[in-house]
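Chemist: Here it is, the structure, as structure tokens.
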Amino acid sequence: MKIVRPIIIVLLLAANIYLIGYAPGKIKEPPKNIEAGNVTVISTPDQAESMEHPDFKKKEYKLVLPEGTNIALKKKVTASSFADVYTPRKVTDGVALGVSYWEGKSDYPNYLTVDLESKQKFHAIRAALSPMAIWGKRTQTFAVNLSDDGVNFTPFIESRQYTFDPDTGNEVQLLFDDTEARYVQLVFTENSGAGGGQVAEFEVYQK
Amino acid sequence: MKGKKKAIIVVEWFAILALVITAAAAGKHLRDRTEEVSKMISYEGSKLVLYDGPKSLKDETADDLASASEKERNFALLHCTDTKVKVDGYDCYVYDTNVNHNRAWYPDYMPPQSRTPITYFDFESVAKIEVSVPNMDLKSVKVSPLSYSIKPEVDTAAKTITFTITKPDNYTVTFNDSPERALHIFANPIDTDAPTKSSDTVKYIGPGEWNIENIVLENNQTLYLAGGAVVHGIINSNYAKNIKVEGRGILDGSGFEGWMGKTAYVPLKFDDCDGVTLKDIIVLNPNAWVCSAKSSTNGVIDGIRIISSRPNGDGITLQSCTNYQVSDCFVRSWDDSLVIKNYEGSSSDISFKNMQLWTDFAQSMEIGYETNKGQQKDVSISNISFEDITVLNNFHKPVISVHNADDATVKDITFKNITVENAQMGSGDGDEMPYLIDLHIPKTSNWTSTKERGQIDGVTIDNVKVLSGKFSPSRIEGFDEAHKIKNITISNLEILGEKITGLDQGKFEVDPDTTENIAIK
């Protein structure tokens, strides 16, 4: 039994050496700072002022109106329907910007008819939307009918899909040989940008 | 010999005792130290991505900080100079954007406006944020959301505050209990899938300051706005399918004149679309409302950050939309923060989850007023939920509101787990509707389009807590006996620490003639 106490002493000594001399050194504090290699700084290019982005640059577009005078300006217009405040009279007010446009309800076909007040000769029709970039590109499908009495219309240009793109004036020009009528009617059956047909200016040109 | 043996035994026992005591003490010290180290914040494996701001942005001056209308001072997005931020010891670029502290409508659309700093970065694991405000006397500092229980170290002499975050989220530092110059910190997760250039389906906009007036996305296109990019312009689509806008960059509208009821340059506008995803980008200084969709379906809006300051600056407004999931966004707005309306057909199956709102003007979560502006037959607003919403500040009109000003049926609406950190309803001209909760069927000259009135049937309001501010009243009022508000359940409502179990106790103004089955528990 003489050996028991010395063995206990040795074991306790060993435990003390471990607990005081060795174990504390094994407890490592976590890193208190981020490793420099784990920090990324995204830099910006040298610019003195805000720039046009090269991938979104737009080609300069020069609008060329049809030859002659717009004889539809300020003339009376009717529509088969209109949405919200977008009444048909806005298409002959000479203003293509802002809320000055007609929009039909989604009850196709939408009819938009201008009364030239008397039988007139003309050679071009221009349907335009606001040229501002806020108007996204869209397609509209419409036909053109003509009438002398406002009741009996005859097909003039068959229904076709046209692209309206603010980068190119947001307009469609239909050019043809001189024709004659009092009423010019657009018949919309599709618009990829809204629920019904849309026109900011409806113009009829006479040489 | 016996005496010597005895002495040896005594010494041995003494040694054993001494060694046991020292071992126990060493063991305790070791355990305490292990615990102490385990609680230390570890930067092991932490990562940080910082984004320089465009070099062309001007430094803000004292003049820029004047409270003035957009006609009277520089309104541009600026580089902030009076608030500095370091993350893990590295400088983090701070922007200065416009905010609006007015609590009244300006018929001339020209309220004087103020500015506030914002910053953003990406991190993983842990980030130590040091904010320096050399021009400010620091009396108190609050870091929101308060649910994180962040207690910043404040050095009033050095005018710095320091705190650590471990979760990517949006944090707001409020100084001296004032909304003035509050710092918004958008701490993102690391974007591991960020593209670095354009491809057939991705339009990439890299760091820098860019003028792009209008970006129109077509079917199956993604627009990536990289961190460090500021785009002055708008993004939109009509009738498009499967489009995405994402990235860390800023979409800024400061170059557009206020809309003044005429031309609204809506930064994110997607009408008649199917499958639009908007993710993470920051939208500042819109000239009117901010993120809108009309008659669209299957949308995801996740993690976008919005600050609006000009009139009609509604945050996220979904009109006649179906199947939208909106989550993890930050919206600070000078008009309703989140809105559901009907402009054409019905709205249904829309959820807002885990959002942070700061509503400078109007309502935080609004259904209405227009519920049938398109005057269509049998329209409804149904299955709309707002869940896990923290309202940092609500200054003007109700936090929770269902306003049916047309003939639609509004049903199955849920508000759950709503925390209002600072309730200041009724400030300014909001005193006409100083409510916490407002359920109402009105006929108004402003918002009503239909002759007939509608119904509100089934609103669940559960676990709403107001932490500080005012004990505001609430209102439940239908139109008449045929157009009632019914089946309303309110539970676990707590206002300024008081559990509300009765309508009178909660200051509810209930019209008995136009309501039915209103329960509070």
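Residue numbering restarts at 1 for every chain of the structure tokens, chains are lettered A, B, ... in their displayed order, and ligands are numbered from 1 as they appear.
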For chain A, work out the contacting residues on chain B at 7 Å, counting only C-alpha atoms, and write them as a PyMOL selection string.
Modeler: chain B and resi 12+15-16+19-20+22-23+26-27+30+34+37+40+42-44+46-56+88+207-214+216+228+238-239+262-263
Chemist: Using only C-alpha atoms, determine which residues lie at most 7 Å from Gly478 of chain B, disregarding the query and same-chain residues fewer than 2 positions distant; provide the list as a PDB file with C-alpha atoms, in the first residue's frame.
Modeler:
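Written out: part.pdb:
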```pdb
ATOM      1  CA  HIS B 440     -62.988  50.491 -43.922  1.00  0.00           C
ATOM      2  CA  ILE B 441     -65.500  50.503 -46.789  1.00  0.00           C
ATOM      3  CA  ILE B 476     -63.487  48.784 -38.282  1.00  0.00           C
ATOM      4  CA  ASP B 480     -74.061  49.993 -44.666  1.00  0.00           C
ATOM      5  CA  HIS B 483     -71.957  46.177 -47.403  1.00  0.00           C
ATOM      6  CA  LYS B 484     -70.368  44.983 -44.229  1.00  0.00           C
ATOM      7  CA  ILE B 485     -66.998  44.097 -42.841  1.00  0.00           C
ATOM      8  CA  THR B 514     -71.859  47.807 -40.598  1.00  0.00           C
ATOM      9  CA  THR B 515     -69.744  45.030 -39.067  1.00  0.00           C
TER      10      THR B 515
END
```
Chemist: Show me, as a PDB file with N, CA and C atoms, in the first residue's frame, the residues that have an atom within 10 Å of segment 173-185 of chain A when counting only C-alpha atoms, minus same-chain residues fewer than 4 positions from it.
Modeler:
```
ATOM      1  N   VAL A  64     -38.256  62.065 -90.725  1.00  0.00           N
ATOM      2  CA  VAL A  64     -38.641  62.737 -91.976  1.00  0.00           C
ATOM      3  C   VAL A  64     -40.141  62.525 -92.167  1.00  0.00           C
ATOM      4  N   LEU A  65     -40.866  63.607 -92.085  1.00  0.00           N
ATOM      5  CA  LEU A  65     -42.319  63.507 -92.228  1.00  0.00           C
ATOM      6  C   LEU A  65     -42.693  63.341 -93.697  1.00  0.00           C
ATOM      7  N   PRO A  66     -43.852  62.783 -93.987  1.00  0.00           N
ATOM      8  CA  PRO A  66     -44.289  62.690 -95.383  1.00  0.00           C
ATOM      9  C   PRO A  66     -44.396  64.095 -95.993  1.00  0.00           C
ATOM     10  N   GLU A  67     -44.284  64.144 -97.276  1.00  0.00           N
ATOM     11  CA  GLU A  67     -44.363  65.419 -97.999  1.00  0.00           C
ATOM     12  C   GLU A  67     -45.765  66.032 -97.829  1.00  0.00           C
ATOM     13  N   ALA A  72     -55.307  66.296 -91.230  1.00  0.00           N
ATOM     14  CA  ALA A  72     -56.126  65.746 -90.136  1.00  0.00           C
ATOM     15  C   ALA A  72     -55.993  66.561 -88.860  1.00  0.00           C
ATOM     16  N   VAL A  77     -62.393  63.402 -84.412  1.00  0.00           N
ATOM     17  CA  VAL A  77     -62.048  61.973 -84.431  1.00  0.00           C
ATOM     18  C   VAL A  77     -63.034  61.217 -83.553  1.00  0.00           C
ATOM     19  N   THR A  78     -63.413  60.034 -83.976  1.00  0.00           N
ATOM     20  CA  THR A  78     -64.237  59.164 -83.131  1.00  0.00           C
ATOM     21  C   THR A  78     -63.544  57.823 -82.977  1.00  0.00           C
ATOM     22  N   ALA A  79     -63.903  57.126 -81.907  1.00  0.00           N
ATOM     23  CA  ALA A  79     -63.326  55.792 -81.680  1.00  0.00           C
ATOM     24  C   ALA A  79     -64.414  54.878 -81.156  1.00  0.00           C
ATOM     25  N   TYR A 111     -61.854  50.781 -83.565  1.00  0.00           N
ATOM     26  CA  TYR A 111     -61.945  51.661 -84.743  1.00  0.00           C
ATOM     27  C   TYR A 111     -61.580  53.091 -84.351  1.00  0.00           C
ATOM     28  N   LEU A 112     -60.715  53.716 -85.111  1.00  0.00           N
ATOM     29  CA  LEU A 112     -60.341  55.118 -84.877  1.00  0.00           C
ATOM     30  C   LEU A 112     -60.533  55.847 -86.209  1.00  0.00           C
ATOM     31  N   THR A 113     -61.449  56.801 -86.238  1.00  0.00           N
ATOM     32  CA  THR A 113     -61.842  57.404 -87.511  1.00  0.00           C
ATOM     33  C   THR A 113     -61.699  58.920 -87.467  1.00  0.00           C
ATOM     34  N   VAL A 114     -61.009  59.469 -88.449  1.00  0.00           N
ATOM     35  CA  VAL A 114     -60.897  60.920 -88.536  1.00  0.00           C
ATOM     36  C   VAL A 114     -61.788  61.417 -89.676  1.00  0.00           C
ATOM     37  N   ASP A 115     -62.449  62.530 -89.396  1.00  0.00           N
ATOM     38  CA  ASP A 115     -63.339  63.157 -90.381  1.00  0.00           C
ATOM     39  C   ASP A 115     -62.617  64.380 -90.951  1.00  0.00           C
ATOM     40  N   LEU A 116     -62.267  64.333 -92.220  1.00  0.00           N
ATOM     41  CA  LEU A 116     -61.527  65.435 -92.849  1.00  0.00           C
ATOM     42  C   LEU A 116     -62.463  66.575 -93.265  1.00  0.00           C
ATOM     43  N   GLU A 117     -63.725  66.455 -92.943  1.00  0.00           N
ATOM     44  CA  GLU A 117     -64.775  67.471 -93.124  1.00  0.00           C
ATOM     45  C   GLU A 117     -65.280  67.581 -94.552  1.00  0.00           C
ATOM     46  N   SER A 118     -64.468  67.185 -95.514  1.00  0.00           N
ATOM     47  CA  SER A 118     -64.927  67.113 -96.907  1.00  0.00           C
ATOM     48  C   SER A 118     -64.032  66.106 -97.618  1.00  0.00           C
ATOM     49  N   LYS A 119     -64.456  65.731 -98.780  1.00  0.00           N
ATOM     50  CA  LYS A 119     -63.656  64.766 -99.543  1.00  0.00           C
ATOM     51  C   LYS A 119     -62.317  65.411 -99.899  1.00  0.00           C
ATOM     52  N   GLN A 120     -61.213  64.736 -99.525  1.00  0.00           N
ATOM     53  CA  GLN A 120     -59.881  65.314 -99.713  1.00  0.00           C
ATOM     54  C   GLN A 120     -58.972  64.321-100.430  1.00  0.00           C
ATOM     55  N   LYS A 121     -58.021  64.901-101.157  1.00  0.00           N
ATOM     56  CA  LYS A 121     -56.966  64.072-101.757  1.00  0.00           C
ATOM     57  C   LYS A 121     -55.843  63.937-100.746  1.00  0.00           C
ATOM     58  N   PHE A 122     -55.237  62.749-100.633  1.00  0.00           N
ATOM     59  CA  PHE A 122     -54.071  62.584 -99.753  1.00  0.00           C
ATOM     60  C   PHE A 122     -53.242  61.403-100.250  1.00  0.00           C
ATOM     61  N   HIS A 123     -51.992  61.366 -99.790  1.00  0.00           N
ATOM     62  CA  HIS A 123     -51.055  60.353-100.306  1.00  0.00           C
ATOM     63  C   HIS A 123     -50.270  59.649 -99.190  1.00  0.00           C
ATOM     64  N   ALA A 124     -50.544  60.005 -97.923  1.00  0.00           N
ATOM     65  CA  ALA A 124     -49.800  59.355 -96.836  1.00  0.00           C
ATOM     66  C   ALA A 124     -50.603  59.404 -95.537  1.00  0.00           C
ATOM     67  N   ILE A 125     -50.416  58.382 -94.744  1.00  0.00           N
ATOM     68  CA  ILE A 125     -50.997  58.342 -93.387  1.00  0.00           C
ATOM     69  C   ILE A 125     -49.844  58.083 -92.433  1.00  0.00           C
ATOM     70  N   ARG A 126     -49.830  58.817 -91.357  1.00  0.00           N
ATOM     71  CA  ARG A 126     -48.801  58.588 -90.337  1.00  0.00           C
ATOM     72  C   ARG A 126     -49.503  58.327 -89.005  1.00  0.00           C
ATOM     73  N   ALA A 127     -49.200  57.186 -88.374  1.00  0.00           N
ATOM     74  CA  ALA A 127     -49.698  56.879 -87.025  1.00  0.00           C
ATOM     75  C   ALA A 127     -48.489  56.898 -86.101  1.00  0.00           C
ATOM     76  N   ALA A 128     -48.536  57.780 -85.111  1.00  0.00           N
ATOM     77  CA  ALA A 128     -47.352  57.940 -84.258  1.00  0.00           C
ATOM     78  C   ALA A 128     -47.707  57.790 -82.788  1.00  0.00           C
ATOM     79  N   PHE A 142     -52.999  46.757 -87.665  1.00  0.00           N
ATOM     80  CA  PHE A 142     -54.187  47.522 -88.052  1.00  0.00           C
ATOM     81  C   PHE A 142     -54.362  47.553 -89.569  1.00  0.00           C
ATOM     82  N   ALA A 143     -55.619  47.805 -89.945  1.00  0.00           N
ATOM     83  CA  ALA A 143     -55.984  47.967 -91.354  1.00  0.00           C
ATOM     84  C   ALA A 143     -56.449  49.405 -91.558  1.00  0.00           C
ATOM     85  N   VAL A 144     -56.534  49.844 -92.820  1.00  0.00           N
ATOM     86  CA  VAL A 144     -57.041  51.194 -93.116  1.00  0.00           C
ATOM     87  C   VAL A 144     -58.273  51.062 -94.009  1.00  0.00           C
ATOM     88  N   ASN A 145     -59.346  51.728 -93.593  1.00  0.00           N
ATOM     89  CA  ASN A 145     -60.566  51.791 -94.394  1.00  0.00           C
ATOM     90  C   ASN A 145     -60.849  53.250 -94.761  1.00  0.00           C
ATOM     91  N   LEU A 146     -61.551  53.449 -95.868  1.00  0.00           N
ATOM     92  CA  LEU A 146     -61.917  54.811 -96.285  1.00  0.00           C
ATOM     93  C   LEU A 146     -63.428  54.889 -96.501  1.00  0.00           C
ATOM     94  N   SER A 147     -63.945  56.101 -96.344  1.00  0.00           N
ATOM     95  CA  SER A 147     -65.380  56.296 -96.565  1.00  0.00           C
ATOM     96  C   SER A 147     -65.648  57.748 -96.963  1.00  0.00           C
ATOM     97  N   ASP A 148     -66.734  57.950 -97.690  1.00  0.00           N
ATOM     98  CA  ASP A 148     -67.140  59.321 -98.017  1.00  0.00           C
ATOM     99  C   ASP A 148     -68.318  59.775 -97.161  1.00  0.00           C
ATOM    100  N   ASP A 149     -69.030  58.791 -96.542  1.00  0.00           N
ATOM    101  CA  ASP A 149     -70.212  59.173 -95.765  1.00  0.00           C
ATOM    102  C   ASP A 149     -70.084  58.847 -94.273  1.00  0.00           C
ATOM    103  N   GLY A 150     -68.996  58.222 -93.891  1.00  0.00           N
ATOM    104  CA  GLY A 150     -68.804  57.896 -92.470  1.00  0.00           C
ATOM    105  C   GLY A 150     -69.579  56.672 -92.033  1.00  0.00           C
ATOM    106  N   VAL A 151     -70.308  56.045 -92.970  1.00  0.00           N
ATOM    107  CA  VAL A 151     -71.103  54.861 -92.626  1.00  0.00           C
ATOM    108  C   VAL A 151     -70.585  53.648 -93.382  1.00  0.00           C
ATOM    109  N   ASN A 152     -70.456  53.834 -94.676  1.00  0.00           N
ATOM    110  CA  ASN A 152     -70.008  52.729 -95.524  1.00  0.00           C
ATOM    111  C   ASN A 152     -68.512  52.856 -95.803  1.00  0.00           C
ATOM    112  N   PHE A 153     -67.730  51.990 -95.176  1.00  0.00           N
ATOM    113  CA  PHE A 153     -66.274  52.022 -95.345  1.00  0.00           C
ATOM    114  C   PHE A 153     -65.820  50.907 -96.278  1.00  0.00           C
ATOM    115  N   THR A 154     -64.834  51.211 -97.070  1.00  0.00           N
ATOM    116  CA  THR A 154     -64.257  50.183 -97.940  1.00  0.00           C
ATOM    117  C   THR A 154     -62.794  49.967 -97.563  1.00  0.00           C
ATOM    118  N   PRO A 155     -62.340  48.704 -97.628  1.00  0.00           N
ATOM    119  CA  PRO A 155     -60.941  48.427 -97.269  1.00  0.00           C
ATOM    120  C   PRO A 155     -59.998  49.170 -98.214  1.00  0.00           C
ATOM    121  N   PHE A 156     -58.956  49.768 -97.655  1.00  0.00           N
ATOM    122  CA  PHE A 156     -57.968  50.486 -98.454  1.00  0.00           C
ATOM    123  C   PHE A 156     -56.593  49.809 -98.328  1.00  0.00           C
ATOM    124  N   ILE A 157     -56.148  49.590 -97.092  1.00  0.00           N
ATOM    125  CA  ILE A 157     -54.900  48.835 -96.875  1.00  0.00           C
ATOM    126  C   ILE A 157     -55.246  47.684 -95.939  1.00  0.00           C
ATOM    127  N   TYR A 162     -47.336  46.183 -87.679  1.00  0.00           N
ATOM    128  CA  TYR A 162     -46.290  47.204 -87.790  1.00  0.00           C
ATOM    129  C   TYR A 162     -45.534  47.308 -86.465  1.00  0.00           C
ATOM    130  N   PHE A 202     -52.577  60.947 -85.289  1.00  0.00           N
ATOM    131  CA  PHE A 202     -53.105  60.292 -86.494  1.00  0.00           C
ATOM    132  C   PHE A 202     -53.084  61.382 -87.574  1.00  0.00           C
ATOM    133  N   GLU A 203     -52.178  61.231 -88.519  1.00  0.00           N
ATOM    134  CA  GLU A 203     -51.954  62.305 -89.491  1.00  0.00           C
ATOM    135  C   GLU A 203     -52.250  61.827 -90.911  1.00  0.00           C
ATOM    136  N   VAL A 204     -52.806  62.694 -91.705  1.00  0.00           N
ATOM    137  CA  VAL A 204     -53.131  62.406 -93.103  1.00  0.00           C
ATOM    138  C   VAL A 204     -52.499  63.523 -93.945  1.00  0.00           C
ATOM    139  N   TYR A 205     -51.683  63.175 -94.912  1.00  0.00           N
ATOM    140  CA  TYR A 205     -50.893  64.196 -95.628  1.00  0.00           C
ATOM    141  C   TYR A 205     -51.405  64.441 -97.054  1.00  0.00           C
ATOM    142  N   GLN A 206     -51.427  65.716 -97.345  1.00  0.00           N
ATOM    143  CA  GLN A 206     -51.866  66.168 -98.672  1.00  0.00           C
ATOM    144  C   GLN A 206     -50.750  67.027 -99.264  1.00  0.00           C
ATOM    145  N   LYS A 207     -50.446  66.727-100.519  1.00  0.00           N
ATOM    146  CA  LYS A 207     -49.370  67.508-101.173  1.00  0.00           C
ATOM    147  C   LYS A 207     -49.853  68.913-101.494  1.00  0.00           C
TER     148      LYS A 207
END
```
Chemist: Can you build me a table of segment 125-176 of chain B residues sitting at most 12 Å from segment 269-293 of chain B, with the closest atom pair per residue and its distance in Å to one decimal, using only C-alpha atoms, sorted by chain and residue number, as a tab-separated table?
Modeler:
```
residue	atom	partner	partner_atom	distance
B:Pro168	CA	B:Asp280	CA	12.0
B:Asp169	CA	B:Asp280	CA	11.0
B:Asn170	CA	B:Asp280	CA	11.1
```
Chemist: Please write the residues from the selection above to a file, keeping N, CA and C atoms, as a PDB file, in the first residue's frame.
Modeler:
```pdb
ATOM      1  N   PRO B 168     -26.458  38.261 -43.282  1.00  0.00           N
ATOM      2  CA  PRO B 168     -26.783  39.231 -44.329  1.00  0.00           C
ATOM      3  C   PRO B 168     -28.225  39.703 -44.167  1.00  0.00           C
ATOM      4  N   ASP B 169     -28.428  40.980 -44.120  1.00  0.00           N
ATOM      5  CA  ASP B 169     -29.770  41.549 -43.946  1.00  0.00           C
ATOM      6  C   ASP B 169     -29.644  43.061 -44.143  1.00  0.00           C
ATOM      7  N   ASN B 170     -30.729  43.763 -43.971  1.00  0.00           N
ATOM      8  CA  ASN B 170     -30.707  45.220 -44.053  1.00  0.00           C
ATOM      9  C   ASN B 170     -30.739  45.778 -42.634  1.00  0.00           C
TER      10      ASN B 170
END
```
Chemist: With segment 103-115 of chain B as the partner and 8 Å as the cut-off, tabulate the residues of segment 403-460 of chain B that qualify, each row holding the nearest pair of atoms and their distance in Å to one decimal, using only C-alpha atoms, sorted by chain and rising number, as a tab-separated table.
Modeler:
```
residue	atom	partner	partner_atom	distance
B:Ser427	CA	B:Arg103	CA	6.0
B:Gly428	CA	B:Arg103	CA	4.6
B:Asp429	CA	B:Ala104	CA	5.0
B:Gly430	CA	B:Arg103	CA	7.1
```
Chemist: Write out, as a PDB file, in the first residue's frame, the residues just selected, with N, CA and C atoms.
Modeler:
```
ATOM      1  N   SER B 427     -49.115  61.672 -37.471  1.00  0.00           N
ATOM      2  CA  SER B 427     -48.263  62.860 -37.607  1.00  0.00           C
ATOM      3  C   SER B 427     -48.748  63.684 -38.805  1.00  0.00           C
ATOM      4  N   GLY B 428     -48.495  64.980 -38.758  1.00  0.00           N
ATOM      5  CA  GLY B 428     -48.851  65.856 -39.880  1.00  0.00           C
ATOM      6  C   GLY B 428     -50.324  65.762 -40.208  1.00  0.00           C
ATOM      7  N   ASP B 429     -50.648  65.674 -41.523  1.00  0.00           N
ATOM      8  CA  ASP B 429     -52.066  65.580 -41.881  1.00  0.00           C
ATOM      9  C   ASP B 429     -52.560  64.132 -41.844  1.00  0.00           C
ATOM     10  N   GLY B 430     -51.762  63.252 -41.275  1.00  0.00           N
ATOM     11  CA  GLY B 430     -52.227  61.880 -41.048  1.00  0.00           C
ATOM     12  C   GLY B 430     -53.192  61.807 -39.879  1.00  0.00           C
TER      13      GLY B 430
END
```
Chemist: Would you give me, as a PyMOL selection string, the residues in segment 210-428 of chain B that DSSP reads as strand (DSSP E)?
Modeler: chain B and resi 210-216+222-225+229-238+241-247+250-252+268-271+274-279+282-284+291-294+297-302+305-307+316-319+322-327+330-334+338-341+347-361+365-367+380-394+400-403+409-420
